[in-house]
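S.K.: My questions will all concern the structure given below.
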Amino acid sequence: MNNPTHIPVLYQEVLDTFQPQPGQNYIDATLGGGGHAQALLQATAPDGRLLGLDADAAAIQRVSQRLAPWSERITLVHSNFKALEEVAQAHQFPAADGILLDLGVSSYQLDEGATGFSFMHAGPLDMRFDHTQGSDAASFVNHADEKELADVIYTYGEERYARRIARAIVRARPLHNTQELAELVARTVRPRPHRRIHPATRTFQALRIYINDELAALQTVLPQAVRLLRPGGILAVISFHSLEDRIVKQFMRQESQDCICPPRIPICQCHHRASIVELYRKGLTAQAAETDQNPRSRSARLRAARKLDIPSASFAPVSPSSSPRRRSS
Ligand SMILES: C[S@@+](CC[C@H](N)C(=O)[O-])C[C@H]1O[C@@H](n2cnc3c(N)ncnc32)[C@H](O)[C@@H]1O
């Protein structure tokens, strides 16, 4: 594809969640094509600032062109969001009014075979967001033992044919490009009638998550993001599969509770305090109009939380001698 574009998912929902105002400061930790970032810059004119990150150097280059009209108000950094706090501090970015994480891959990465993410376009077996870091999918696919391959495909792809696919990979290797792998998986997986997705979708997702250590990066960034918000600021996360969504949900649930002691402990010992309030209990998903126009949005879920400005009133500092406090759940 010569001119791919990335349609930002849940675009209106993100804006409704943040309700960005002139002069506010936002962090977009996953710039992608810069669609959400541009909307935030427009809404925060004339002097709101935006700090944008992406692990993919090509995204930074693309977005710096797109956002050139706002260049005086933006700081774009080629970095994994695992280092979000360090990046914000290095650039002396003020406490943020909102932080967006729109996870996964952009249409650019899927449509440009060269990035090695796509089973639709021939490309090197790479799959790294950042081609300068770590090792690529080829070295894993061609050297991991069968069990390790099967475990990765099963765990991160939730692929029921993981063992069969791993066996086929080991027999066929070395594999040289994405198309070879996609065709091998398609031949191995029993075709299911009416299946909407390509048979290699889950395998590619699994390898990408593993190669980029995506779930660990997400777990690392969430507490940093809360620390970087001003009181009242909003964290919004769009995830595209259940593994990511579970991490975001559990984080938001935990951080919106005062006590996280196991239920068998009658007196709070953790002294944990709620730092956020969840905005949507189940998250927001795309409306039919959006899913019709943009199939990527079908699996998107937006969760959001507002940072508390005062420790929650229900929580008095607990000392070992204070009276037992019953957990509500
Ligand atoms: C779905 S796209 C974001 C699209 C964007 N919201 C827009 O409006 O165009 C996800 C982007 O996040 C980047 N990304 C994924 N994981 C990352 C990480 N751990 N650190 C930094 N960037 C990451 C990808 O390289 C990709 O460009």
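Letters A, B, ... go to the chains of the structure tokens in the order shown; residues in each chain start at 1; ligands are counted from 1 in the same order.
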For Asp258 of chain A, list every protein, DNA or RNA residue within 6 Å, evaluated using only C-alpha atoms, and leave out those in the same chain fewer than 4 positions away; present the list as a PyMOL selection string.
M.R.: chain A and resi 272-274
S.K.: Deliver the residues from the most recent selection as a file, using N, CA and C atoms, as a PDB file, in the first residue's frame.
M.R.:
ATOM      1  N   HIS A 272      -2.550   0.985  51.792  1.00  0.00           N
ATOM      2  CA  HIS A 272      -2.662   1.510  50.422  1.00  0.00           C
ATOM      3  C   HIS A 272      -3.776   2.547  50.368  1.00  0.00           C
ATOM      4  N   ARG A 273      -3.567   3.606  49.612  1.00  0.00           N
ATOM      5  CA  ARG A 273      -4.610   4.623  49.454  1.00  0.00           C
ATOM      6  C   ARG A 273      -5.005   4.747  48.004  1.00  0.00           C
ATOM      7  N   ALA A 274      -6.261   4.959  47.792  1.00  0.00           N
ATOM      8  CA  ALA A 274      -6.729   5.177  46.421  1.00  0.00           C
ATOM      9  C   ALA A 274      -6.039   6.422  45.861  1.00  0.00           C
TER      10      ALA A 274
END
S.K.: Grab me every residue within 7 Å of ligand 1, counting only C-alpha atoms and all ligand atoms, and send it over as an MDAnalysis selection string.
M.R.: chainID A and resid 6:8 29:37 53:56 59 79:82 102:106 129 214 217:218
S.K.: Which residues, written as a PyMOL selection string, have at least one atom at most 7 Å from Ala96 of chain A, with only C-alpha atoms counted and residues fewer than 6 positions away on the same chain left out?
M.R.: chain A and resi 25-27+228-230+233
S.K.: Write out the residues from the selection above, keeping N, CA and C atoms, as a tab-separated table (two decimals), in the first residue's frame.
M.R.:
chain	number	residue	atom	x	y	z
A	25	ASN	N	-1.96	20.75	29.31
A	25	ASN	CA	-0.78	20.00	28.86
A	25	ASN	C	-1.07	18.51	28.83
A	26	TYR	N	-0.76	17.89	27.70
A	26	TYR	CA	-1.07	16.46	27.51
A	26	TYR	C	0.17	15.67	27.13
A	27	ILE	N	0.12	14.39	27.50
A	27	ILE	CA	1.15	13.45	27.04
A	27	ILE	C	0.47	12.40	26.20
A	228	LEU	N	2.61	11.22	36.97
A	228	LEU	CA	2.86	12.40	36.13
A	228	LEU	C	1.63	13.30	35.96
A	229	LEU	N	0.47	12.82	36.38
A	229	LEU	CA	-0.75	13.64	36.24
A	229	LEU	C	-0.83	14.66	37.35
A	230	ARG	N	-1.44	15.78	37.05
A	230	ARG	CA	-1.78	16.72	38.14
A	230	ARG	C	-3.02	16.15	38.83
A	233	GLY	N	-6.17	15.27	36.90
A	233	GLY	CA	-5.79	14.89	35.53
A	233	GLY	C	-6.30	13.48	35.21
S.K.: With distances taken over only C-alpha atoms, which residue among A:Val221, A:Ala45, A:Val170, A:Leu181 lies nearest Glu85 of chain A?
M.R.: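 So, comparing all the options, the nearest one is A:Val221.
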S.K.: Need to verify the contact set: segment 134-142 of chain A, 6 Å, only C-alpha atoms, exclusion of same-chain residues closer than 4 positions in sequence. Can you return it as a list in words?
M.R.: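 The filter keeps Leu125, Asp126, Met127, Arg173 and Pro174 of chain A.
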S.K.: Restricting the output to C-alpha atoms, write the selected residues as a PDB file, in the first residue's frame.
M.R.:
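Output file again-v8.pdb is given in full below:
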ATOM      1  CA  LEU A 125      10.445 -11.231  10.289  1.00  0.00           C
ATOM      2  CA  ASP A 126      11.191  -8.294  12.539  1.00  0.00           C
ATOM      3  CA  MET A 127       8.152  -7.086  14.556  1.00  0.00           C
ATOM      4  CA  ARG A 173      12.500 -23.404   9.570  1.00  0.00           C
ATOM      5  CA  PRO A 174      14.440 -21.392   8.768  1.00  0.00           C
TER       6      PRO A 174
END
S.K.: Skipping near chain neighbours, those fewer than 4 positions away, what residues fall within 7 Å of segment 61-76 of chain A using only C-alpha atoms, listed as a ChimeraX atom specification?
M.R.: /A:33-34,38,47-53,57
S.K.: From a DSSP calculation on the backbone, collect every residue of segment 78-156 of chain A in strand (DSSP E or B) and output the set as number ranges by chain.
M.R.: A: 78, 96-102, 124
S.K.: Within 6 Å of Ile234 of chain A, counting only C-alpha atoms, which residues qualify if same-chain residues fewer than 2 places away don't, as a list in words?
M.R.: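 Once the adjacent positions are removed, what remains is Gly98, Ala305 and Arg306 of chain A.
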S.K.: Run DSSP on the backbone and give me the residues of segment 143-261 of chain A it puts in helix (DSSP H, G or I), as a ChimeraX atom specification.
M.R.: /A:143,146-157,162-172,178-188,201-211,214-228,242-255
S.K.: In Å, how far is it from atom CA of Gln89 of chain A to atom CA of Glu255 of chain A?
M.R.: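 Straight-line distance from atom CA of Gln89 of chain A to atom CA of Glu255 of chain A works out to 23.0 Å.
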S.K.: If you count only C-alpha atoms, which residues fall within 8 Å of Val152 of chain A, apart from same-chain ones fewer than 6 positions away, as a PyMOL selection string?
M.R.: chain A and resi 206-207+210
S.K.: Using only C-alpha atoms, pick whichever of A:Arg190, A:Val77, A:Ile153, A:Cys270 has the shortest atom-to-atom distance to Ala90 of chain A.
M.R.: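 Of all the options, A:Val77 lies closest to Ala90 of chain A.
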S.K.: Atom CA of Gly283 of chain A and atom CA of Leu302 of chain A, how far apart in Å?
M.R.: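 Separating atom CA of Leu302 of chain A from atom CA of Gly283 of chain A is a distance of 5.2 Å.
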S.K.: Choose the residue, out of A:Gln250, A:Ser242, A:Thr17, A:Asn177, that has the smallest atom-to-atom separation from Gln219 of chain A; count only C-alpha atoms.
M.R.: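 Among A:Gln250, A:Ser242, A:Thr17, A:Asn177, it is A:Gln250 that comes nearest to Gln219 of chain A.
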S.K.: Which of these, A:Ala172, A:Val87, A:Arg187, A:Ser239, has the shortest distance to Gln224 of chain A once you count only C-alpha atoms?
M.R.: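 Residue with the minimum atom-to-atom distance to Gln224 of chain A: A:Val87.
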